[in-house]
$ cat query25.cif   # mmCIF, N, CA and C atoms
data_my_file
#
loop_
_atom_site.label_atom_id
_atom_site.label_comp_id
_atom_site.auth_asym_id
_atom_site.auth_seq_id
_atom_site.Cartn_x
_atom_site.Cartn_y
_atom_site.Cartn_z
N MET A 510 90.81 72.53 87.75
CA MET A 510 91.14 73.05 86.43
C MET A 510 91.08 74.57 86.47
N SER A 511 92.09 75.21 85.94
CA SER A 511 92.13 76.66 85.96
C SER A 511 91.26 77.24 84.84
N LEU A 512 90.87 78.48 85.05
CA LEU A 512 90.04 79.17 84.06
C LEU A 512 90.88 79.57 82.86
N PRO A 513 90.25 79.67 81.70
CA PRO A 513 90.98 80.20 80.53
C PRO A 513 91.49 81.61 80.84
N THR A 514 92.60 81.95 80.24
CA THR A 514 93.25 83.23 80.53
C THR A 514 92.33 84.42 80.26
N GLN A 515 91.59 84.40 79.17
CA GLN A 515 90.69 85.51 78.86
C GLN A 515 89.66 85.69 79.97
N GLN A 516 89.14 84.60 80.49
CA GLN A 516 88.15 84.68 81.56
C GLN A 516 88.81 85.21 82.85
N ARG A 517 90.03 84.78 83.13
CA ARG A 517 90.75 85.30 84.30
C ARG A 517 90.99 86.80 84.15
N LEU A 518 91.34 87.22 82.93
CA LEU A 518 91.54 88.65 82.67
C LEU A 518 90.25 89.42 82.91
N ASN A 519 89.15 88.92 82.37
CA ASN A 519 87.87 89.61 82.54
C ASN A 519 87.51 89.74 84.02
N GLN A 520 87.70 88.67 84.78
CA GLN A 520 87.41 88.72 86.22
C GLN A 520 88.32 89.71 86.93
N HIS A 521 89.58 89.73 86.53
CA HIS A 521 90.52 90.67 87.15
C HIS A 521 90.12 92.11 86.84
N LEU A 522 89.68 92.38 85.62
CA LEU A 522 89.26 93.74 85.25
C LEU A 522 88.06 94.19 86.07
N VAL A 523 87.16 93.26 86.38
CA VAL A 523 86.01 93.59 87.24
C VAL A 523 86.50 93.95 88.64
N ARG A 524 87.44 93.15 89.17
CA ARG A 524 88.00 93.45 90.50
C ARG A 524 88.74 94.79 90.48
N TRP A 525 89.47 95.05 89.41
CA TRP A 525 90.21 96.30 89.28
C TRP A 525 89.24 97.49 89.29
N ASP A 526 88.13 97.36 88.59
CA ASP A 526 87.12 98.42 88.58
C ASP A 526 86.61 98.68 90.00
N SER A 527 86.40 97.62 90.75
CA SER A 527 85.97 97.76 92.14
C SER A 527 87.02 98.49 92.96
N GLU A 528 88.28 98.18 92.73
CA GLU A 528 89.38 98.86 93.43
C GLU A 528 89.40 100.35 93.08
N ILE A 529 89.12 100.68 91.84
CA ILE A 529 89.09 102.09 91.42
C ILE A 529 87.98 102.83 92.15
N LYS A 530 86.83 102.20 92.27
CA LYS A 530 85.71 102.83 93.00
C LYS A 530 86.06 103.03 94.47
N GLU A 531 86.74 102.06 95.07
CA GLU A 531 87.18 102.21 96.46
C GLU A 531 88.20 103.33 96.59
N PHE A 532 89.08 103.46 95.60
CA PHE A 532 90.07 104.54 95.60
C PHE A 532 89.37 105.90 95.52
N ASP A 533 88.36 106.00 94.65
CA ASP A 533 87.61 107.26 94.55
C ASP A 533 86.98 107.63 95.88
N ALA A 534 86.41 106.65 96.58
CA ALA A 534 85.81 106.90 97.89
C ALA A 534 86.88 107.31 98.90
N ALA A 535 88.04 106.69 98.83
CA ALA A 535 89.13 107.03 99.76
C ALA A 535 89.63 108.45 99.51
N ILE A 536 89.69 108.86 98.26
CA ILE A 536 90.12 110.22 97.92
C ILE A 536 89.12 111.23 98.49
N THR A 537 87.83 110.92 98.36
CA THR A 537 86.80 111.81 98.90
C THR A 537 86.93 111.92 100.41
N ALA A 538 87.12 110.78 101.08
CA ALA A 538 87.28 110.78 102.54
C ALA A 538 88.53 111.57 102.94
N TYR A 539 89.61 111.39 102.19
CA TYR A 539 90.85 112.11 102.46
C TYR A 539 90.62 113.62 102.37
N GLY A 540 89.95 114.05 101.33
CA GLY A 540 89.67 115.48 101.16
C GLY A 540 88.82 116.03 102.29
N ALA A 541 87.82 115.26 102.71
CA ALA A 541 86.96 115.70 103.81
C ALA A 541 87.75 115.81 105.11
N ARG A 542 88.60 114.83 105.38
CA ARG A 542 89.40 114.86 106.61
C ARG A 542 90.37 116.04 106.60
N LYS A 543 90.96 116.30 105.45
CA LYS A 543 91.89 117.43 105.34
C LYS A 543 91.15 118.75 105.57
N ALA A 544 89.98 118.89 104.97
CA ALA A 544 89.20 120.11 105.14
C ALA A 544 88.76 120.29 106.59
N ASP A 545 88.34 119.18 107.23
CA ASP A 545 87.93 119.25 108.64
C ASP A 545 89.08 119.73 109.52
N LEU A 546 90.27 119.18 109.28
CA LEU A 546 91.45 119.57 110.06
C LEU A 546 91.79 121.04 109.83
N GLU A 547 91.83 121.46 108.59
CA GLU A 547 92.18 122.85 108.29
C GLU A 547 91.15 123.82 108.88
N TYR A 548 89.88 123.44 108.83
CA TYR A 548 88.83 124.30 109.39
C TYR A 548 89.00 124.43 110.90
N ARG A 549 89.21 123.30 111.58
CA ARG A 549 89.36 123.34 113.04
C ARG A 549 90.58 124.17 113.43
N ARG A 550 91.68 123.98 112.73
CA ARG A 550 92.88 124.76 113.04
C ARG A 550 92.62 126.26 112.84
N ALA A 551 91.90 126.60 111.78
CA ALA A 551 91.58 128.01 111.52
C ALA A 551 90.70 128.58 112.63
N VAL A 552 89.72 127.80 113.07
CA VAL A 552 88.83 128.26 114.15
C VAL A 552 89.63 128.50 115.42
N VAL A 553 90.49 127.56 115.78
CA VAL A 553 91.30 127.71 117.00
C VAL A 553 92.21 128.93 116.89
N MET A 554 92.86 129.11 115.75
CA MET A 554 93.78 130.24 115.60
C MET A 554 93.04 131.57 115.62
N GLU A 555 91.90 131.64 114.94
CA GLU A 555 91.13 132.90 114.93
C GLU A 555 90.57 133.21 116.31
N THR A 556 90.12 132.19 117.02
CA THR A 556 89.61 132.40 118.38
C THR A 556 90.73 132.90 119.29
N ALA A 557 91.91 132.30 119.16
CA ALA A 557 93.05 132.73 119.97
C ALA A 557 93.43 134.17 119.65
N LYS A 558 93.41 134.54 118.39
CA LYS A 558 93.75 135.91 118.00
C LYS A 558 92.68 136.90 118.46
N ALA A 559 91.42 136.46 118.47
CA ALA A 559 90.35 137.33 118.94
C ALA A 559 90.47 137.58 120.44
N ASP A 560 90.94 136.57 121.17
CA ASP A 560 91.13 136.71 122.61
C ASP A 560 92.32 137.60 122.94
N ASN A 561 93.32 137.61 122.07
CA ASN A 561 94.53 138.40 122.30
C ASN A 561 95.02 138.91 120.95
N GLU A 562 94.70 140.16 120.65
CA GLU A 562 95.03 140.73 119.34
C GLU A 562 96.53 140.78 119.08
N LYS A 563 97.33 140.76 120.13
CA LYS A 563 98.78 140.85 119.96
C LYS A 563 99.43 139.48 119.82
N LEU A 564 98.63 138.44 119.80
CA LEU A 564 99.15 137.08 119.69
C LEU A 564 99.79 136.88 118.31
N SER A 565 100.97 136.32 118.31
CA SER A 565 101.67 136.10 117.03
C SER A 565 101.04 134.92 116.28
N GLN A 566 101.33 134.87 114.99
CA GLN A 566 100.85 133.76 114.16
C GLN A 566 101.41 132.43 114.68
N ALA A 567 102.68 132.44 115.05
CA ALA A 567 103.31 131.21 115.56
C ALA A 567 102.64 130.74 116.85
N ALA A 568 102.30 131.67 117.72
CA ALA A 568 101.63 131.30 118.98
C ALA A 568 100.23 130.76 118.69
N ALA A 569 99.55 131.36 117.74
CA ALA A 569 98.21 130.87 117.36
C ALA A 569 98.31 129.46 116.78
N GLU A 570 99.33 129.22 115.99
CA GLU A 570 99.53 127.88 115.42
C GLU A 570 99.86 126.86 116.51
N ARG A 571 100.63 127.28 117.52
CA ARG A 571 100.93 126.37 118.63
C ARG A 571 99.65 126.00 119.38
N ARG A 572 98.75 126.97 119.54
CA ARG A 572 97.47 126.66 120.19
C ARG A 572 96.66 125.68 119.36
N ALA A 573 96.69 125.87 118.06
CA ALA A 573 95.97 124.93 117.18
C ALA A 573 96.59 123.55 117.27
N ASP A 574 97.92 123.49 117.36
CA ASP A 574 98.60 122.20 117.51
C ASP A 574 98.23 121.51 118.81
N ALA A 575 97.98 122.29 119.85
CA ALA A 575 97.67 121.73 121.17
C ALA A 575 96.19 121.39 121.35
N ASP A 576 95.37 121.82 120.43
CA ASP A 576 93.92 121.57 120.54
C ASP A 576 93.62 120.08 120.39
N SER A 577 92.87 119.52 121.33
CA SER A 577 92.60 118.07 121.31
C SER A 577 91.73 117.66 120.11
N GLU A 578 90.77 118.50 119.75
CA GLU A 578 89.94 118.15 118.58
C GLU A 578 90.77 118.21 117.30
N ALA A 579 91.63 119.21 117.18
CA ALA A 579 92.50 119.30 116.00
C ALA A 579 93.45 118.10 115.96
N HIS A 580 93.91 117.67 117.13
CA HIS A 580 94.79 116.49 117.19
C HIS A 580 94.06 115.25 116.66
N GLN A 581 92.83 115.05 117.12
CA GLN A 581 92.05 113.89 116.65
C GLN A 581 91.79 113.99 115.14
N LEU A 582 91.46 115.17 114.67
CA LEU A 582 91.23 115.36 113.24
C LEU A 582 92.52 115.13 112.45
N HIS A 583 93.65 115.49 113.01
CA HIS A 583 94.93 115.26 112.35
C HIS A 583 95.20 113.76 112.23
N ARG A 584 94.89 113.01 113.26
CA ARG A 584 95.07 111.55 113.21
C ARG A 584 94.17 110.94 112.14
N GLU A 585 92.92 111.40 112.07
CA GLU A 585 91.99 110.89 111.06
C GLU A 585 92.47 111.25 109.65
N PHE A 586 93.00 112.44 109.50
CA PHE A 586 93.54 112.88 108.22
C PHE A 586 94.71 111.99 107.80
N ARG A 587 95.63 111.71 108.72
CA ARG A 587 96.78 110.86 108.40
C ARG A 587 96.35 109.43 108.08
N ALA A 588 95.33 108.94 108.77
CA ALA A 588 94.82 107.60 108.48
C ALA A 588 94.22 107.55 107.07
N ALA A 589 93.47 108.59 106.71
CA ALA A 589 92.89 108.65 105.37
C ALA A 589 93.99 108.76 104.31
N GLU A 590 95.02 109.51 104.62
CA GLU A 590 96.16 109.65 103.70
C GLU A 590 96.85 108.29 103.49
N SER A 591 97.03 107.55 104.55
CA SER A 591 97.64 106.21 104.45
C SER A 591 96.77 105.27 103.63
N SER A 592 95.48 105.37 103.82
CA SER A 592 94.55 104.53 103.06
C SER A 592 94.65 104.83 101.56
N VAL A 593 94.73 106.10 101.22
CA VAL A 593 94.87 106.49 99.81
C VAL A 593 96.17 105.92 99.23
N GLU A 594 97.26 106.02 99.97
CA GLU A 594 98.54 105.51 99.48
C GLU A 594 98.50 103.99 99.30
N ALA A 595 97.86 103.29 100.22
CA ALA A 595 97.74 101.83 100.10
C ALA A 595 96.90 101.47 98.88
N LYS A 596 95.84 102.21 98.65
CA LYS A 596 94.98 101.93 97.50
C LYS A 596 95.70 102.26 96.19
N LYS A 597 96.54 103.28 96.19
CA LYS A 597 97.35 103.58 95.00
C LYS A 597 98.26 102.40 94.67
N ALA A 598 98.89 101.86 95.70
CA ALA A 598 99.77 100.70 95.48
C ALA A 598 98.98 99.52 94.96
N ARG A 599 97.79 99.32 95.49
CA ARG A 599 96.94 98.22 95.03
C ARG A 599 96.56 98.43 93.56
N LEU A 600 96.27 99.66 93.16
CA LEU A 600 95.92 99.94 91.77
C LEU A 600 97.11 99.69 90.84
N ARG A 601 98.32 100.04 91.30
CA ARG A 601 99.51 99.75 90.48
C ARG A 601 99.66 98.24 90.31
N TRP A 602 99.43 97.48 91.37
CA TRP A 602 99.50 96.02 91.29
C TRP A 602 98.45 95.49 90.32
N CYS A 603 97.22 96.02 90.41
CA CYS A 603 96.16 95.58 89.50
C CYS A 603 96.55 95.84 88.05
N GLY A 604 97.16 96.98 87.79
CA GLY A 604 97.61 97.30 86.44
C GLY A 604 98.66 96.33 85.94
N ALA A 605 99.59 95.97 86.81
CA ALA A 605 100.64 95.03 86.42
C ALA A 605 100.06 93.65 86.13
N VAL A 606 99.13 93.20 86.96
CA VAL A 606 98.49 91.90 86.74
C VAL A 606 97.71 91.92 85.43
N ALA A 607 96.98 93.00 85.18
CA ALA A 607 96.21 93.11 83.94
C ALA A 607 97.14 93.07 82.73
N ASP A 608 98.26 93.77 82.80
CA ASP A 608 99.23 93.74 81.70
C ASP A 608 99.74 92.33 81.45
N ALA A 609 100.06 91.62 82.52
CA ALA A 609 100.56 90.25 82.38
C ALA A 609 99.49 89.34 81.77
N LEU A 610 98.26 89.48 82.22
CA LEU A 610 97.18 88.65 81.67
C LEU A 610 96.91 88.99 80.21
N ARG A 611 96.95 90.28 79.87
CA ARG A 611 96.75 90.67 78.47
C ARG A 611 97.84 90.07 77.58
N SER A 612 99.05 90.10 78.07
CA SER A 612 100.16 89.52 77.32
C SER A 612 99.96 88.02 77.13
N GLU A 613 99.51 87.36 78.18
CA GLU A 613 99.25 85.92 78.09
C GLU A 613 98.13 85.62 77.10
N VAL A 614 97.08 86.43 77.11
CA VAL A 614 95.97 86.26 76.17
C VAL A 614 96.48 86.44 74.74
N ALA A 615 97.29 87.47 74.51
CA ALA A 615 97.82 87.71 73.16
C ALA A 615 98.71 86.55 72.71
N THR A 616 99.51 86.02 73.61
CA THR A 616 100.37 84.88 73.27
C THR A 616 99.53 83.67 72.90
N GLU A 617 98.50 83.41 73.69
CA GLU A 617 97.63 82.26 73.40
C GLU A 617 96.93 82.42 72.05
N ARG A 618 96.50 83.64 71.75
CA ARG A 618 95.85 83.88 70.45
C ARG A 618 96.83 83.65 69.31
N ALA A 619 98.04 84.14 69.48
CA ALA A 619 99.06 83.96 68.44
C ALA A 619 99.37 82.48 68.25
N GLU A 620 99.44 81.74 69.34
CA GLU A 620 99.70 80.30 69.25
C GLU A 620 98.56 79.59 68.53
N ARG A 621 97.32 79.97 68.86
CA ARG A 621 96.17 79.36 68.18
C ARG A 621 96.17 79.69 66.69
N GLN A 622 96.51 80.94 66.37
CA GLN A 622 96.56 81.36 64.96
C GLN A 622 97.65 80.60 64.22
N LEU A 623 98.80 80.47 64.84
CA LEU A 623 99.89 79.72 64.23
C LEU A 623 99.49 78.27 64.01
N TYR A 624 98.84 77.70 64.97
CA TYR A 624 98.38 76.31 64.87
C TYR A 624 97.36 76.18 63.74
N ALA A 625 96.43 77.17 63.67
CA ALA A 625 95.39 77.13 62.63
C ALA A 625 96.00 77.32 61.23
N ASP A 626 96.98 78.23 61.11
CA ASP A 626 97.61 78.50 59.82
C ASP A 626 98.37 77.30 59.28
N HIS A 627 98.89 76.49 60.16
CA HIS A 627 99.70 75.35 59.75
C HIS A 627 98.96 74.03 59.86
N GLY A 628 97.69 74.13 60.07
CA GLY A 628 96.86 72.93 60.09
C GLY A 628 97.24 71.92 61.15
N GLY A 629 97.82 72.41 62.24
CA GLY A 629 98.17 71.50 63.31
C GLY A 629 99.49 70.80 63.11
N ASP A 630 100.26 71.17 62.07
CA ASP A 630 101.53 70.52 61.80
C ASP A 630 102.71 71.23 62.46
N ALA A 631 102.43 72.20 63.29
CA ALA A 631 103.52 72.99 63.89
C ALA A 631 104.36 72.21 64.86
#

$ encode --input "query25.cif" --output "structure tokens"
Amino acid sequence: MSLPTQQRLNQHLVRWDSEIKEFDAAITAYGARKADLEYRRAVVMETAKADNEKLSQAAAERRADADSEAHQLHREFRAAESSVEAKKARLRWCGAVADALRSEVATERAERQLYADHGGDA
């Protein structure tokens, strides 16, 4: 036997809240990964420029691109970015399900009210 629609809606809203908390954590992780990557790239570029004052900005950026630690941090950043996008899609889905359940609850209430108003003769 399936649960009443209102109860299914309530359970879904609890799950949705959990998804929102996971999204908040993913956003925090994304920001940290981005900051780590930008910091490492800045360190590599500044170190390269300190070693050779005539080094161009483009050459310093190429060194940062070739740095193995910056590469690993870039991969972690992209993974965090993908996680955020997946969680955004999940939140959109949760919103659509909640809307559908709310509509179903409203329909059921209207049907009950109609039935009550007409004394069951509908």

$ residues_around --input "query25.cif" --residues "stretch 603-612 of chain A" --least-positions-apart "6" --cutoff "7 Å" --atoms "all atoms listed in the file" --output "PyMOL selection string"
chain A and resi 514+517-518+521-522+525

$ write_last_selection --input "query25.cif" --atoms "N, CA and C atoms" --output "PDB file, in the coordinates of the input"
ATOM      1  N   THR A 514      92.600  81.950  80.240  1.00  0.00           N
ATOM      2  CA  THR A 514      93.250  83.230  80.530  1.00  0.00           C
ATOM      3  C   THR A 514      92.330  84.420  80.260  1.00  0.00           C
ATOM      4  N   ARG A 517      90.030  84.780  83.130  1.00  0.00           N
ATOM      5  CA  ARG A 517      90.750  85.300  84.300  1.00  0.00           C
ATOM      6  C   ARG A 517      90.990  86.800  84.150  1.00  0.00           C
ATOM      7  N   LEU A 518      91.340  87.220  82.930  1.00  0.00           N
ATOM      8  CA  LEU A 518      91.540  88.650  82.670  1.00  0.00           C
ATOM      9  C   LEU A 518      90.250  89.420  82.910  1.00  0.00           C
ATOM     10  N   HIS A 521      89.580  89.730  86.530  1.00  0.00           N
ATOM     11  CA  HIS A 521      90.520  90.670  87.150  1.00  0.00           C
ATOM     12  C   HIS A 521      90.120  92.110  86.840  1.00  0.00           C
ATOM     13  N   LEU A 522      89.680  92.380  85.620  1.00  0.00           N
ATOM     14  CA  LEU A 522      89.260  93.740  85.250  1.00  0.00           C
ATOM     15  C   LEU A 522      88.060  94.190  86.070  1.00  0.00           C
ATOM     16  N   TRP A 525      89.470  95.050  89.410  1.00  0.00           N
ATOM     17  CA  TRP A 525      90.210  96.300  89.280  1.00  0.00           C
ATOM     18  C   TRP A 525      89.240  97.490  89.290  1.00  0.00           C
TER      19      TRP A 525
END

$ closest_residue --input "query25.cif" --among "A:Leu512, A:Leu623, A:Ala535, A:Leu546" --to "A:Gln581" --atoms "all atoms listed in the file"
A:Leu546

$ resolve_selection --input "query25.cif" --expression "the PyMOL selection byres (((chain A and resi 583 and name CA) around 12) and name CA)" --output "PDB file with N, CA and C atoms, in the coordinates of the input"
ATOM      1  N   TYR A 539      89.610 111.390 102.190  1.00  0.00           N
ATOM      2  CA  TYR A 539      90.850 112.110 102.460  1.00  0.00           C
ATOM      3  C   TYR A 539      90.620 113.620 102.370  1.00  0.00           C
ATOM      4  N   ALA A 541      87.820 115.260 102.710  1.00  0.00           N
ATOM      5  CA  ALA A 541      86.960 115.700 103.810  1.00  0.00           C
ATOM      6  C   ALA A 541      87.750 115.810 105.110  1.00  0.00           C
ATOM      7  N   ARG A 542      88.600 114.830 105.380  1.00  0.00           N
ATOM      8  CA  ARG A 542      89.400 114.860 106.610  1.00  0.00           C
ATOM      9  C   ARG A 542      90.370 116.040 106.600  1.00  0.00           C
ATOM     10  N   LYS A 543      90.960 116.300 105.450  1.00  0.00           N
ATOM     11  CA  LYS A 543      91.890 117.430 105.340  1.00  0.00           C
ATOM     12  C   LYS A 543      91.150 118.750 105.570  1.00  0.00           C
ATOM     13  N   ALA A 544      89.980 118.890 104.970  1.00  0.00           N
ATOM     14  CA  ALA A 544      89.200 120.110 105.140  1.00  0.00           C
ATOM     15  C   ALA A 544      88.760 120.290 106.590  1.00  0.00           C
ATOM     16  N   ASP A 545      88.340 119.180 107.230  1.00  0.00           N
ATOM     17  CA  ASP A 545      87.930 119.250 108.640  1.00  0.00           C
ATOM     18  C   ASP A 545      89.080 119.730 109.520  1.00  0.00           C
ATOM     19  N   LEU A 546      90.270 119.180 109.280  1.00  0.00           N
ATOM     20  CA  LEU A 546      91.450 119.570 110.060  1.00  0.00           C
ATOM     21  C   LEU A 546      91.790 121.040 109.830  1.00  0.00           C
ATOM     22  N   GLU A 547      91.830 121.460 108.590  1.00  0.00           N
ATOM     23  CA  GLU A 547      92.180 122.850 108.290  1.00  0.00           C
ATOM     24  C   GLU A 547      91.150 123.820 108.880  1.00  0.00           C
ATOM     25  N   TYR A 548      89.880 123.440 108.830  1.00  0.00           N
ATOM     26  CA  TYR A 548      88.830 124.300 109.390  1.00  0.00           C
ATOM     27  C   TYR A 548      89.000 124.430 110.900  1.00  0.00           C
ATOM     28  N   ARG A 549      89.210 123.300 111.580  1.00  0.00           N
ATOM     29  CA  ARG A 549      89.360 123.340 113.040  1.00  0.00           C
ATOM     30  C   ARG A 549      90.580 124.170 113.430  1.00  0.00           C
ATOM     31  N   ARG A 550      91.680 123.980 112.730  1.00  0.00           N
ATOM     32  CA  ARG A 550      92.880 124.760 113.040  1.00  0.00           C
ATOM     33  C   ARG A 550      92.620 126.260 112.840  1.00  0.00           C
ATOM     34  N   ALA A 573      96.690 125.870 118.060  1.00  0.00           N
ATOM     35  CA  ALA A 573      95.970 124.930 117.180  1.00  0.00           C
ATOM     36  C   ALA A 573      96.590 123.550 117.270  1.00  0.00           C
ATOM     37  N   ASP A 574      97.920 123.490 117.360  1.00  0.00           N
ATOM     38  CA  ASP A 574      98.600 122.200 117.510  1.00  0.00           C
ATOM     39  C   ASP A 574      98.230 121.510 118.810  1.00  0.00           C
ATOM     40  N   ALA A 575      97.980 122.290 119.850  1.00  0.00           N
ATOM     41  CA  ALA A 575      97.670 121.730 121.170  1.00  0.00           C
ATOM     42  C   ALA A 575      96.190 121.390 121.350  1.00  0.00           C
ATOM     43  N   ASP A 576      95.370 121.820 120.430  1.00  0.00           N
ATOM     44  CA  ASP A 576      93.920 121.570 120.540  1.00  0.00           C
ATOM     45  C   ASP A 576      93.620 120.080 120.390  1.00  0.00           C
ATOM     46  N   SER A 577      92.870 119.520 121.330  1.00  0.00           N
ATOM     47  CA  SER A 577      92.600 118.070 121.310  1.00  0.00           C
ATOM     48  C   SER A 577      91.730 117.660 120.110  1.00  0.00           C
ATOM     49  N   GLU A 578      90.770 118.500 119.750  1.00  0.00           N
ATOM     50  CA  GLU A 578      89.940 118.150 118.580  1.00  0.00           C
ATOM     51  C   GLU A 578      90.770 118.210 117.300  1.00  0.00           C
ATOM     52  N   ALA A 579      91.630 119.210 117.180  1.00  0.00           N
ATOM     53  CA  ALA A 579      92.500 119.300 116.000  1.00  0.00           C
ATOM     54  C   ALA A 579      93.450 118.100 115.960  1.00  0.00           C
ATOM     55  N   HIS A 580      93.910 117.670 117.130  1.00  0.00           N
ATOM     56  CA  HIS A 580      94.790 116.490 117.190  1.00  0.00           C
ATOM     57  C   HIS A 580      94.060 115.250 116.660  1.00  0.00           C
ATOM     58  N   GLN A 581      92.830 115.050 117.120  1.00  0.00           N
ATOM     59  CA  GLN A 581      92.050 113.890 116.650  1.00  0.00           C
ATOM     60  C   GLN A 581      91.790 113.990 115.140  1.00  0.00           C
ATOM     61  N   LEU A 582      91.460 115.170 114.670  1.00  0.00           N
ATOM     62  CA  LEU A 582      91.230 115.360 113.240  1.00  0.00           C
ATOM     63  C   LEU A 582      92.520 115.130 112.450  1.00  0.00           C
ATOM     64  N   ARG A 584      94.890 113.010 113.260  1.00  0.00           N
ATOM     65  CA  ARG A 584      95.070 111.550 113.210  1.00  0.00           C
ATOM     66  C   ARG A 584      94.170 110.940 112.140  1.00  0.00           C
ATOM     67  N   GLU A 585      92.920 111.400 112.070  1.00  0.00           N
ATOM     68  CA  GLU A 585      91.990 110.890 111.060  1.00  0.00           C
ATOM     69  C   GLU A 585      92.470 111.250 109.650  1.00  0.00           C
ATOM     70  N   PHE A 586      93.000 112.440 109.500  1.00  0.00           N
ATOM     71  CA  PHE A 586      93.540 112.880 108.220  1.00  0.00           C
ATOM     72  C   PHE A 586      94.710 111.990 107.800  1.00  0.00           C
ATOM     73  N   ARG A 587      95.630 111.710 108.720  1.00  0.00           N
ATOM     74  CA  ARG A 587      96.780 110.860 108.400  1.00  0.00           C
ATOM     75  C   ARG A 587      96.350 109.430 108.080  1.00  0.00           C
ATOM     76  N   ALA A 588      95.330 108.940 108.770  1.00  0.00           N
ATOM     77  CA  ALA A 588      94.820 107.600 108.480  1.00  0.00           C
ATOM     78  C   ALA A 588      94.220 107.550 107.070  1.00  0.00           C
ATOM     79  N   ALA A 589      93.470 108.590 106.710  1.00  0.00           N
ATOM     80  CA  ALA A 589      92.890 108.650 105.370  1.00  0.00           C
ATOM     81  C   ALA A 589      93.990 108.760 104.310  1.00  0.00           C
ATOM     82  N   GLU A 590      95.020 109.510 104.620  1.00  0.00           N
ATOM     83  CA  GLU A 590      96.160 109.650 103.700  1.00  0.00           C
ATOM     84  C   GLU A 590      96.850 108.290 103.490  1.00  0.00           C
TER      85      GLU A 590
END

$ resolve_selection --input "query25.cif" --expression "the PyMOL selection byres (((chain A and resi 531 and name CA) around 12) and name CA)" --output "list in words"
Arg524, Trp525, Asp526, Ser527, Glu528, Ile529, Lys530, Phe532, Asp533, Ala534, Ala535, Ile536, Thr537, Ala538, Ser592, Val593, Ala595, Lys596, Lys597, Arg599 and Leu600 of chain A

$ atom_distance --input "query25.cif" --atom1 "atom C of A:Gln515" --atom2 "atom CA of A:Asp626"
22.8 Å

$ axis_aligned_box --input "query25.cif" --around "stretch 566-581 of chain A" --padding-each-side "4 Å" --output "JSON"
{"center_x": 96.6, "center_y": 124.4, "center_z": 117.8, "size_x": 21.4, "size_y": 29.0, "size_z": 15.2}

$ residues_around --input "query25.cif" --residues "A:Ala568" --least-positions-apart "6" --cutoff "8 Å" --atoms "all atoms listed in the file" --output "list in words"
Met554, Ala557, Lys558 and Asp574 of chain A

$ write_last_selection --input "query25.cif" --atoms "N, CA and C atoms" --output "compact mmCIF listing (two decimals), in the coordinates of the input"
# COMPACT_ATOMS: atom_id res chain seq x y z
N MET A 554 92.86 129.11 115.75
CA MET A 554 93.78 130.24 115.60
C MET A 554 93.04 131.57 115.62
N ALA A 557 91.91 132.30 119.16
CA ALA A 557 93.05 132.73 119.97
C ALA A 557 93.43 134.17 119.65
N LYS A 558 93.41 134.54 118.39
CA LYS A 558 93.75 135.91 118.00
C LYS A 558 92.68 136.90 118.46
N ASP A 574 97.92 123.49 117.36
CA ASP A 574 98.60 122.20 117.51
C ASP A 574 98.23 121.51 118.81

$ atom_distance --input "query25.cif" --atom1 "atom N of A:Gly540" --atom2 "atom C of A:Val553"
21.6 Å

$ atom_distance --input "query25.cif" --atom1 "atom C of A:Val552" --atom2 "atom CA of A:Ser591"
26.1 Å
